[in-house]
Amino acid sequence: MADSGGSSTPLLPGDGSSSRNRCPWRFSIPSPTTSFRIKTSVWAELGGAVGDLGTYIPIVLALTLVNHIDLGTTLIFTAFYNAITGLLFGIPMPVQPMKSIAAVALSASPHLTIPQIMAAGLSTAAVLFLLGITGLMSTLYRILPLPVVRGIQLSQGLAFAFSAIKYIRYDQDFTASTSSSSSSPRSWLGLDGIILALVALLFLVISTGSGDDQERNANRDRSRTRSCVPVSRIPSALIVFLVGILICFIRDPSILQNLKFGPSAITITSITWEDWKIGFFQAAVPQIPLSVLNSVIAVCKLSSDLFPDKTELSATSVSVSVGFMNLIGCWFGAMPVCHGAGGLAGQYRFGGRSGASVLFLAIGKLILGLVFGNSFVTILSQFPIGILGVLLLFSGIELAMASRDMNSKEESFVMLVCAAVSMTGSSAALGFVCGIILYAVLRLREVDWCRLVGIGGKDDAVEEN
């Protein structure tokens, strides 16, 4: 799992012997025509653009309603993040909320304030930025055993899928604590009922199948139908999302009266020493290992799986990207964000194949942020949660399926133990540590200790003669 040092890597410290005689930093911006070139169709890229909203919307909505983070500011900054990372990486690189920070901010009593949340984001960003520029992240990426990485991906994917089923089956209150957020069963009928979610699920299955490569699906569709539009060209996720937006206005027509036009005022967040202490120890400490494993390591590995024809992402570039985004945006009150393997899997699952996918998403976010500002939360608060659950389900399954390449029982054993510990303890760091220990123990079993300490040497010599 070595990082590639090709010229297309946007941010690259001196990796490898060839870099010893040149400047350790090299910054190159790929051509927009290369990064944003449509790989399949415009409709497919548009579908992929909304593929990660199943994780994005619930967390953003909860932080806006509970912790009063400004939605307009977050939309504008994440729009720029999407456009820039799409240009630099040339793939549908997702921009997702930092989930551990969000979980602590929502569940802490009292809830974390905006300065404390921003302090947590800045602390996490500083760590990832330093790990990137020093080359330590690339070293970590090279030496990590693949079964451990797959275990983290499997646990994250299944966690998304389990949350998705809860979204579909139970009413959700994102402003409540985790234990009480899903209590009463969701009704079957209604504009946010189970039947609506199942119809959306059936539509996505029919239009996208099991998630095979879209070009292969398109060729198969053309061989079967001559006059119809190929099923794989339908922007299924985009259609489902737009139906959800339409339902928002049907559920509560009065939201039109609550909309206010114009962007939110951009202000600099004032952070006290007490905010730094609370933000770091309560929220940044659990977020840092998750960001290292899921936002950098797993993203790099998943991108090489999904885009084998492209130069493998540098762990350094991804780590620096996460750090740089938050070292700027958090000072202005934008939600702490990272890249995520689940978001990448979701955007790929629904058609995203290039930076054009996240560019379309960036344009949409920028328009909403500039036109509606923070008042757009009145629309999101009415979005059918069951539909979000359906989108999240496909993202989780796509991410979990990346672990299907284990070639031996031993590799599968390490992967499954790592995933089980991660899910049971709700900690990717704990699963990671257990996976590394188990992998090391299995490697030690293969060592010939008798030969190593000189026991049995004569017998071995006789057998050789």
# chains A, B, ... in the order shown; residues from 1 in each chain; ligands from 1

$ closest_atom_pairs --of "segment 355-410 of chain A" --to "segment 73-85 of chain A" --cutoff "9 Å" --atoms "only C-alpha atoms" --output "Markdown table"
| residue | atom | partner | partner_atom | distance |
| --- | --- | --- | --- | --- |
| A:Gly355 | CA | A:Thr85 | CA | 7.8 |
| A:Ala356 | CA | A:Ala83 | CA | 8.6 |
| A:Val358 | CA | A:Asn82 | CA | 5.5 |
| A:Leu359 | CA | A:Ala83 | CA | 4.9 |
| A:Phe360 | CA | A:Ala83 | CA | 8.4 |
| A:Leu361 | CA | A:Ala79 | CA | 7.2 |
| A:Ala362 | CA | A:Ala79 | CA | 4.0 |
| A:Ile363 | CA | A:Ala79 | CA | 6.7 |
| A:Gly364 | CA | A:Ala79 | CA | 7.9 |
| A:Lys365 | CA | A:Leu75 | CA | 5.3 |
| A:Leu366 | CA | A:Ile76 | CA | 5.1 |
| A:Ile367 | CA | A:Ile76 | CA | 8.3 |
| A:Leu368 | CA | A:Leu75 | CA | 7.4 |
| A:Gly369 | CA | A:Leu75 | CA | 5.3 |
| A:Leu370 | CA | A:Ile76 | CA | 7.3 |
| A:Gly373 | CA | A:Thr73 | CA | 7.2 |
| A:Asn374 | CA | A:Thr73 | CA | 7.6 |

$ write_last_selection --atoms "N, CA and C atoms" --output "short mmCIF file (atom, residue, chain, number, x, y, z; two decimals), in the first residue's frame"
data_model
loop_
_atom_site.label_atom_id
_atom_site.label_comp_id
_atom_site.auth_asym_id
_atom_site.auth_seq_id
_atom_site.Cartn_x
_atom_site.Cartn_y
_atom_site.Cartn_z
N GLY A 355 -14.15 14.58 -10.57
CA GLY A 355 -14.34 15.76 -9.76
C GLY A 355 -15.57 16.56 -10.15
N ALA A 356 -16.13 16.29 -11.32
CA ALA A 356 -17.34 17.00 -11.75
C ALA A 356 -18.50 16.74 -10.81
N VAL A 358 -18.55 16.34 -7.46
CA VAL A 358 -18.54 17.24 -6.30
C VAL A 358 -18.55 18.70 -6.72
N LEU A 359 -18.17 19.00 -7.96
CA LEU A 359 -18.31 20.37 -8.46
C LEU A 359 -19.79 20.74 -8.57
N PHE A 360 -20.60 19.82 -9.09
CA PHE A 360 -22.04 20.06 -9.14
C PHE A 360 -22.61 20.25 -7.74
N LEU A 361 -22.15 19.44 -6.80
CA LEU A 361 -22.61 19.57 -5.42
C LEU A 361 -22.19 20.92 -4.85
N ALA A 362 -20.96 21.35 -5.17
CA ALA A 362 -20.48 22.64 -4.69
C ALA A 362 -21.33 23.78 -5.21
N ILE A 363 -21.70 23.72 -6.48
CA ILE A 363 -22.54 24.77 -7.06
C ILE A 363 -23.90 24.82 -6.35
N GLY A 364 -24.48 23.65 -6.08
CA GLY A 364 -25.76 23.62 -5.38
C GLY A 364 -25.66 24.19 -3.98
N LYS A 365 -24.63 23.79 -3.24
CA LYS A 365 -24.45 24.31 -1.88
C LYS A 365 -24.23 25.81 -1.88
N LEU A 366 -23.42 26.30 -2.82
CA LEU A 366 -23.11 27.72 -2.87
C LEU A 366 -24.36 28.54 -3.16
N ILE A 367 -25.18 28.06 -4.08
CA ILE A 367 -26.42 28.78 -4.40
C ILE A 367 -27.34 28.82 -3.17
N LEU A 368 -27.51 27.69 -2.51
CA LEU A 368 -28.38 27.64 -1.34
C LEU A 368 -27.84 28.52 -0.22
N GLY A 369 -26.53 28.47 -0.01
CA GLY A 369 -25.93 29.27 1.06
C GLY A 369 -26.04 30.77 0.81
N LEU A 370 -25.89 31.18 -0.47
CA LEU A 370 -25.96 32.59 -0.79
C LEU A 370 -27.39 33.11 -0.86
N GLY A 373 -29.14 31.33 3.06
CA GLY A 373 -28.40 31.44 4.30
C GLY A 373 -28.84 30.41 5.33
N ASN A 374 -28.88 30.83 6.58
CA ASN A 374 -29.24 29.91 7.67
C ASN A 374 -30.70 29.50 7.65
#

$ residues_around --residues "Pro384 of chain A" --least-positions-apart "3" --cutoff "12 Å" --atoms "only C-alpha atoms" --output "PyMOL selection string"
chain A and resi 54+57-58+167-168+170-172+186+190-197+200+240-252+379-381+387-391

$ closest_residue --among "A:Pro30, A:Gly211, A:Gly132, A:Gly157" --to "Phe350 of chain A" --atoms "only C-alpha atoms"
A:Gly211

$ residues_around --residues "Arg353 of chain A" --least-positions-apart "2" --cutoff "12 Å" --atoms "only C-alpha atoms" --output "ChimeraX atom specification"
/A:35-49,51,86,89-93,213-215,303,306-310,344-351,355-359

$ select_by_dssp --residues "segment 56-177 of chain A" --states "helix (DSSP H, G or I)" --output "PyMOL selection string"
chain A and resi 56-66+71-89+99-107+114-133+136-143+146-169
